[in-house]
file coords.pdb (PDB, C-alpha atoms)
ATOM      1  CA  MET P   7       4.910  17.143 -14.140  1.00  0.00           C
ATOM      2  CA  ARG P   8       3.898  15.244 -11.022  1.00  0.00           C
ATOM      3  CA  GLN P   9       5.565  12.038  -9.969  1.00  0.00           C
ATOM      4  CA  TRP P  10       3.383   9.108  -8.842  1.00  0.00           C
ATOM      5  CA  SER P  11       5.385   8.763  -5.631  1.00  0.00           C
ATOM      6  CA  ASP P  12       4.796  12.437  -4.821  1.00  0.00           C
ATOM      7  CA  VAL P  13       1.002  12.348  -4.986  1.00  0.00           C
ATOM      8  CA  THR P  14       0.369   8.997  -3.258  1.00  0.00           C
ATOM      9  CA  ASP P  15       1.508   7.301  -0.083  1.00  0.00           C
ATOM     10  CA  LEU P  16       1.150   3.553   0.602  1.00  0.00           C
ATOM     11  CA  ARG P  17       1.084   2.623   4.289  1.00  0.00           C
ATOM     12  CA  PRO P  18       0.841  -0.930   5.695  1.00  0.00           C
ATOM     13  CA  LEU P  19      -1.137  -0.571   8.939  1.00  0.00           C
ATOM     14  CA  LEU P  20      -1.977  -4.054  10.192  1.00  0.00           C
ATOM     15  CA  ILE P  21      -0.473  -7.455   9.384  1.00  0.00           C
ATOM     16  CA  GLY P  22      -1.390 -10.468  11.457  1.00  0.00           C
ATOM     17  CA  THR P  23      -3.218 -13.688  12.204  1.00  0.00           C
ATOM     18  CA  LEU P  24      -6.555 -14.250  13.940  1.00  0.00           C
ATOM     19  CA  VAL P  25      -7.789 -17.682  14.975  1.00  0.00           C
ATOM     20  CA  ASP P  26     -10.237 -17.167  17.865  1.00  0.00           C
ATOM     21  CA  ASN P  27     -13.904 -16.275  17.420  1.00  0.00           C
ATOM     22  CA  GLY P  28     -14.318 -12.746  18.739  1.00  0.00           C
ATOM     23  CA  GLY P  29     -10.598 -12.004  18.452  1.00  0.00           C
ATOM     24  CA  THR P  30      -9.602  -8.464  17.498  1.00  0.00           C
ATOM     25  CA  ALA P  31      -6.452  -6.672  16.399  1.00  0.00           C
ATOM     26  CA  VAL P  32      -5.811  -2.919  16.381  1.00  0.00           C
ATOM     27  CA  GLY P  33      -3.699  -1.423  13.600  1.00  0.00           C
ATOM     28  CA  ASN P  34      -1.387   1.560  13.518  1.00  0.00           C
ATOM     29  CA  SER P  35      -2.756   5.065  13.009  1.00  0.00           C
ATOM     30  CA  VAL P  36      -1.895   6.978   9.844  1.00  0.00           C
ATOM     31  CA  ASP P  37      -1.770  10.747   9.434  1.00  0.00           C
ATOM     32  CA  THR P  38      -4.004  11.735   6.508  1.00  0.00           C
ATOM     33  CA  HIS P  39      -3.156  15.437   6.636  1.00  0.00           C
ATOM     34  CA  GLY P  40      -2.864  16.875   3.149  1.00  0.00           C
ATOM     35  CA  PHE P  41      -4.622  14.029   1.335  1.00  0.00           C
ATOM     36  CA  ALA P  42      -8.176  13.968  -0.028  1.00  0.00           C
ATOM     37  CA  ASP P  43      -8.703  10.248  -0.737  1.00  0.00           C
ATOM     38  CA  VAL P  44      -7.944   6.879   0.806  1.00  0.00           C
ATOM     39  CA  LEU P  45      -8.116   3.395  -0.710  1.00  0.00           C
ATOM     40  CA  ALA P  46      -8.007   0.632   1.900  1.00  0.00           C
ATOM     41  CA  ILE P  47      -6.677  -2.726   0.714  1.00  0.00           C
ATOM     42  CA  ILE P  48      -7.177  -5.995   2.605  1.00  0.00           C
ATOM     43  CA  GLN P  49      -5.424  -9.156   1.527  1.00  0.00           C
ATOM     44  CA  TRP P  50      -6.440 -12.297   3.369  1.00  0.00           C
ATOM     45  CA  ALA P  51      -6.370 -16.074   3.303  1.00  0.00           C
ATOM     46  CA  VAL P  52      -7.608 -18.981   5.405  1.00  0.00           C
ATOM     47  CA  VAL P  53      -4.537 -21.164   5.822  1.00  0.00           C
ATOM     48  CA  GLY P  54      -5.735 -23.790   8.284  1.00  0.00           C
ATOM     49  CA  GLY P  55      -7.816 -24.650  11.306  1.00  0.00           C
ATOM     50  CA  THR P  56     -10.331 -27.119  12.656  1.00  0.00           C
ATOM     51  CA  ALA P  57     -12.250 -29.146  10.045  1.00  0.00           C
ATOM     52  CA  ASP P  58     -15.430 -27.430   8.793  1.00  0.00           C
ATOM     53  CA  ALA P  59     -14.974 -24.370  11.035  1.00  0.00           C
ATOM     54  CA  GLN P  60     -16.168 -21.141   9.392  1.00  0.00           C
ATOM     55  CA  ALA P  61     -15.339 -17.538  10.147  1.00  0.00           C
ATOM     56  CA  GLN P  62     -15.552 -14.088   8.622  1.00  0.00           C
ATOM     57  CA  LEU P  63     -13.026 -11.264   8.980  1.00  0.00           C
ATOM     58  CA  THR P  64     -14.312  -7.686   9.371  1.00  0.00           C
ATOM     59  CA  VAL P  65     -12.056  -4.642   9.195  1.00  0.00           C
ATOM     60  CA  LYS P  66     -13.491  -1.302  10.245  1.00  0.00           C
ATOM     61  CA  PHE P  67     -11.781   2.066  10.341  1.00  0.00           C
ATOM     62  CA  GLN P  68     -11.785   4.614  13.123  1.00  0.00           C
ATOM     63  CA  GLU P  69     -10.851   8.288  13.125  1.00  0.00           C
ATOM     64  CA  GLY P  70      -9.401  10.597  15.736  1.00  0.00           C
ATOM     65  CA  GLY P  71      -7.581  13.842  16.349  1.00  0.00           C
ATOM     66  CA  ALA P  72      -4.453  12.148  17.696  1.00  0.00           C
ATOM     67  CA  ALA P  73      -2.414   9.104  16.653  1.00  0.00           C
ATOM     68  CA  ALA P  74      -3.681   6.620  19.237  1.00  0.00           C
ATOM     69  CA  SER P  75      -2.779   2.962  18.787  1.00  0.00           C
ATOM     70  CA  THR P  76      -5.200   1.786  21.479  1.00  0.00           C
ATOM     71  CA  GLY P  77      -8.166   3.568  23.005  1.00  0.00           C
ATOM     72  CA  GLY P  78      -7.656   7.299  22.856  1.00  0.00           C
ATOM     73  CA  ASP P  79     -10.154   9.511  21.115  1.00  0.00           C
ATOM     74  CA  MET P  80     -10.717   7.171  18.158  1.00  0.00           C
ATOM     75  CA  THR P  81     -14.326   6.616  17.074  1.00  0.00           C
ATOM     76  CA  ASP P  82     -15.816   4.472  14.322  1.00  0.00           C
ATOM     77  CA  ILE P  83     -16.199   6.165  10.941  1.00  0.00           C
ATOM     78  CA  ASP P  84     -19.962   6.047  10.407  1.00  0.00           C
ATOM     79  CA  GLN P  85     -20.603   9.087   8.204  1.00  0.00           C
ATOM     80  CA  GLY P  86     -18.226   8.418   5.319  1.00  0.00           C
ATOM     81  CA  TRP P  87     -19.050  10.300   2.138  1.00  0.00           C
ATOM     82  CA  VAL P  88     -18.856   7.246  -0.116  1.00  0.00           C
ATOM     83  CA  THR P  89     -19.508   4.180   2.035  1.00  0.00           C
ATOM     84  CA  GLY P  90     -21.129   5.505   5.215  1.00  0.00           C
ATOM     85  CA  THR P  91     -19.391   3.073   7.543  1.00  0.00           C
ATOM     86  CA  PHE P  92     -15.805   2.597   6.420  1.00  0.00           C
ATOM     87  CA  THR P  93     -15.958  -1.192   6.921  1.00  0.00           C
ATOM     88  CA  MET P  94     -14.971  -4.235   4.853  1.00  0.00           C
ATOM     89  CA  THR P  95     -16.111  -7.798   5.446  1.00  0.00           C
ATOM     90  CA  THR P  96     -14.573 -10.845   3.793  1.00  0.00           C
ATOM     91  CA  ALA P  97     -16.415 -13.888   2.528  1.00  0.00           C
ATOM     92  CA  TYR P  98     -16.702 -16.802   4.950  1.00  0.00           C
ATOM     93  CA  GLY P  99     -13.569 -18.889   5.085  1.00  0.00           C
ATOM     94  CA  THR P 100     -13.852 -22.611   5.803  1.00  0.00           C
ATOM     95  CA  ALA P 101     -11.003 -24.633   7.272  1.00  0.00           C
ATOM     96  CA  PRO P 102      -9.268 -26.644   6.089  1.00  0.00           C
ATOM     97  CA  THR P 103      -9.425 -25.468   2.501  1.00  0.00           C
ATOM     98  CA  TYR P 104      -6.911 -24.994  -0.201  1.00  0.00           C
ATOM     99  CA  PRO P 105      -5.281 -21.716   0.787  1.00  0.00           C
ATOM    100  CA  TYR P 106      -5.843 -18.926  -1.681  1.00  0.00           C
ATOM    101  CA  LEU P 107      -5.159 -15.244  -1.439  1.00  0.00           C
ATOM    102  CA  ALA P 108      -8.108 -12.896  -1.762  1.00  0.00           C
ATOM    103  CA  SER P 109      -8.211  -9.138  -1.654  1.00  0.00           C
ATOM    104  CA  THR P 110     -10.857  -6.517  -1.053  1.00  0.00           C
ATOM    105  CA  CYS P 111     -10.605  -2.771  -1.586  1.00  0.00           C
ATOM    106  CA  ILE P 112     -12.755   0.090  -0.361  1.00  0.00           C
ATOM    107  CA  TYR P 113     -12.530   3.777  -1.221  1.00  0.00           C
ATOM    108  CA  GLU P 114     -13.432   6.757   0.943  1.00  0.00           C
ATOM    109  CA  ARG P 115     -13.051  10.527   0.735  1.00  0.00           C
ATOM    110  CA  LEU P 116     -11.096  12.195   3.516  1.00  0.00           C
ATOM    111  CA  SER P 117     -12.253  15.734   2.882  1.00  0.00           C
ATOM    112  CA  ALA P 118     -15.870  15.595   4.079  1.00  0.00           C
ATOM    113  CA  LYS P 119     -18.477  13.366   5.665  1.00  0.00           C
ATOM    114  CA  LYS P 120     -22.190  13.036   4.946  1.00  0.00           C
ATOM    115  CA  ASP P 121     -23.112  14.994   8.056  1.00  0.00           C
ATOM    116  CA  GLY P 122     -21.154  18.029   6.770  1.00  0.00           C
ATOM    117  CA  THR P 123     -18.186  17.704   9.135  1.00  0.00           C
ATOM    118  CA  THR P 124     -14.634  16.932   8.063  1.00  0.00           C
ATOM    119  CA  MET P 125     -12.838  13.660   8.679  1.00  0.00           C
ATOM    120  CA  ALA P 126     -10.438  13.616  11.628  1.00  0.00           C
ATOM    121  CA  ARG P 127      -6.717  13.729  10.872  1.00  0.00           C
ATOM    122  CA  TYR P 128      -5.792  10.157  11.878  1.00  0.00           C
ATOM    123  CA  ILE P 129      -7.384   6.844  10.862  1.00  0.00           C
ATOM    124  CA  ARG P 130      -6.647   3.269  11.919  1.00  0.00           C
ATOM    125  CA  PRO P 131      -8.015  -0.209  11.148  1.00  0.00           C
ATOM    126  CA  ILE P 132      -9.450  -2.709  13.622  1.00  0.00           C
ATOM    127  CA  ALA P 133      -9.818  -6.337  12.512  1.00  0.00           C
ATOM    128  CA  SER P 134     -12.239  -8.749  14.180  1.00  0.00           C
ATOM    129  CA  LEU P 135     -13.107 -12.381  13.570  1.00  0.00           C
ATOM    130  CA  ALA P 136     -16.618 -13.782  13.897  1.00  0.00           C
ATOM    131  CA  GLY P 137     -17.805 -17.344  13.416  1.00  0.00           C
ATOM    132  CA  THR P 138     -16.662 -20.728  14.632  1.00  0.00           C
ATOM    133  CA  SER P 139     -13.390 -20.798  16.578  1.00  0.00           C
ATOM    134  CA  GLY P 140     -10.573 -22.642  14.886  1.00  0.00           C
ATOM    135  CA  VAL P 141     -10.241 -20.837  11.536  1.00  0.00           C
ATOM    136  CA  LEU P 142      -6.752 -19.483  10.912  1.00  0.00           C
ATOM    137  CA  PHE P 143      -7.041 -16.156   9.044  1.00  0.00           C
ATOM    138  CA  VAL P 144      -3.906 -14.364   7.929  1.00  0.00           C
ATOM    139  CA  TYR P 145      -4.378 -10.830   6.665  1.00  0.00           C
ATOM    140  CA  SER P 146      -2.763  -7.555   5.721  1.00  0.00           C
ATOM    141  CA  VAL P 147      -4.414  -4.117   5.802  1.00  0.00           C
ATOM    142  CA  SER P 148      -2.824  -1.211   3.923  1.00  0.00           C
ATOM    143  CA  VAL P 149      -4.037   2.199   2.817  1.00  0.00           C
ATOM    144  CA  LEU P 150      -3.141   4.167  -0.280  1.00  0.00           C
ATOM    145  CA  LEU P 151      -3.486   7.894   0.381  1.00  0.00           C
ATOM    146  CA  GLY P 152      -3.851  10.069  -2.684  1.00  0.00           C
ATOM    147  CA  ARG P 153      -4.704  13.382  -4.313  1.00  0.00           C
ATOM    148  CA  PRO P 154      -2.832  15.924  -2.221  1.00  0.00           C
ATOM    149  CA  TYR P 155      -4.682  19.099  -1.295  1.00  0.00           C
ATOM    150  CA  ASP P 156      -1.668  21.322  -1.811  1.00  0.00           C
ATOM    151  CA  SER P 157       0.921  21.179  -4.563  1.00  0.00           C
ATOM    152  CA  ALA P 158       3.477  22.289  -1.971  1.00  0.00           C
ATOM    153  CA  LEU P 159       3.475  18.653  -0.860  1.00  0.00           C
ATOM    154  CA  LEU P 160       5.263  17.731  -4.074  1.00  0.00           C
ATOM    155  CA  GLN P 161       8.945  17.257  -3.410  1.00  0.00           C
ATOM    156  CA  LYS P 162      10.435  16.586  -6.846  1.00  0.00           C
ATOM    157  CA  GLY P 163       9.565  19.424  -9.183  1.00  0.00           C
ATOM    158  CA  MET P 164      10.645  18.968 -12.788  1.00  0.00           C
ATOM    159  CA  ILE P 165      11.672  21.740 -15.171  1.00  0.00           C
ATOM    160  CA  PHE P 166      11.725  21.014 -18.864  1.00  0.00           C
ATOM    161  CA  THR P 167      11.769  23.049 -22.047  1.00  0.00           C
ATOM    162  CA  SER P 168       8.646  23.132 -24.122  1.00  0.00           C
ATOM    163  CA  ASN P 169      10.181  24.194 -27.454  1.00  0.00           C
ATOM    164  CA  ALA P 170       7.617  26.978 -27.590  1.00  0.00           C
ATOM    165  CA  ALA P 171       8.805  30.171 -29.247  1.00  0.00           C
ATOM    166  CA  GLU P 172       9.242  33.095 -26.910  1.00  0.00           C
ATOM    167  CA  PHE P 173       7.452  36.146 -28.180  1.00  0.00           C
ATOM    168  CA  LYS P 174       8.426  39.721 -27.452  1.00  0.00           C
ATOM    169  CA  LEU P 175       6.280  42.708 -28.267  1.00  0.00           C
ATOM    170  CA  PRO P 176       7.971  45.099 -30.649  1.00  0.00           C
ATOM    171  CA  GLU P 177       9.250  48.357 -29.237  1.00  0.00           C
ATOM    172  CA  TRP P 178       7.699  51.302 -30.984  1.00  0.00           C
ATOM    173  CA  GLU P 179       9.963  54.135 -31.914  1.00  0.00           C
ATOM    174  CA  GLY P 180       8.846  57.525 -30.893  1.00  0.00           C
ATOM    175  CA  ALA P 181       6.359  56.245 -28.340  1.00  0.00           C
TER     176      ALA P 181
END
call {"tool": "encode", "arguments": {"input": "coords.pdb", "output": "structure tokens"}}
result
Amino acid sequence: MRQWSDVTDLRPLLIGTLVDNGGTAVGNSVDTHGFADVLAIIQWAVVGGTADAQAQLTVKFQEGGAAASTGGDMTDIDQGWVTGTFTMTTAYGTAPTYPYLASTCIYERLSAKKDGTTMARYIRPIASLAGTSGVLFVYSVSVLLGRPYDSALLQKGMIFTSNAAEFKLPEWEGA
């Protein structure tokens, strides 16, 4: 029997605030080795800013062969099997509004891309803000990795009795 905690891994990658038009933030890289699926989760809210200013938060994902937090060999994911570009964009937030928490999720396969190649081992999010300056976005980006490739990744094996009768073939005399 598999345990939920043994076949999934939740990783917070980027938590922050953006207020300037054109501002960006780079998240931590996560090692996806051994997992076949990823569900990215963005939670966000507009909590203040200049009256009537509007902005939109975009979070895209990059992939690379090494865990690079800035620069490195990371490139945008543009051949995702499910979504093509592994990108999420929020609705426009207007300041000041009554703060509310919204969330957006996006799923992608880690095993293959549309062009026939495999996804690189590490992925990371990059958040950017577009619109009128003066909108205070707070956000959190996490990924839920799931469906391990190899059962050897399971750490807590369980042994239990099944109450099934154990059968033994009869021994034939004289054979």
call {"tool": "residues_around", "arguments": {"input": "coords.pdb", "residues": "Pro131 (chain P)", "least_positions_apart": "6", "cutoff": "9 Å", "atoms": "only C-alpha atoms", "output": "PyMOL selection string"}}
result
chain P and resi 19-20+31-35+65-68+147-148
call {"tool": "atom_distance", "arguments": {"input": "coords.pdb", "atom1": "CA of Ile129 (chain P)", "atom2": "CA of Asp37 (chain P)"}}
result
7.0 Å
call {"tool": "closest_residue", "arguments": {"input": "coords.pdb", "among": "P:Val149, P:Val25, P:Met125, P:Met80", "to": "Ala61 (chain P)", "atoms": "only C-alpha atoms"}}
result
P:Val25
call {"tool": "closest_residue", "arguments": {"input": "coords.pdb", "among": "P:Ser109, P:Thr89, P:Ser117, P:Thr56", "to": "Leu142 (chain P)", "atoms": "all atoms listed in the file"}}
result
P:Thr56
call {"tool": "resolve_selection", "arguments": {"input": "coords.pdb", "expression": "the PyMOL selection byres ((chain P and resi 16) around 7)", "output": "number ranges by chain"}}
result
P: 14-15, 17-18, 149-151
call {"tool": "closest_residue", "arguments": {"input": "coords.pdb", "among": "P:Ala72, P:Ala51, P:Ala108, P:Ile83", "to": "Val141 (chain P)", "atoms": "all atoms listed in the file"}}
result
P:Ala51
call {"tool": "closest_residue", "arguments": {"input": "coords.pdb", "among": "P:Gly137, P:Gly152, P:Gly90, P:Gly55", "to": "Thr38 (chain P)", "atoms": "all atoms listed in the file"}}
result
P:Gly152
call {"tool": "axis_aligned_box", "arguments": {"input": "coords.pdb", "around": "region 125-132 of chain P", "padding_each_side": "5 Å", "output": "lines of an AutoDock Vina configuration file"}}
result
center_x = -9.3
center_y = 5.5
center_z = 11.2
size_x = 17.0
size_y = 26.4
size_z = 14.9
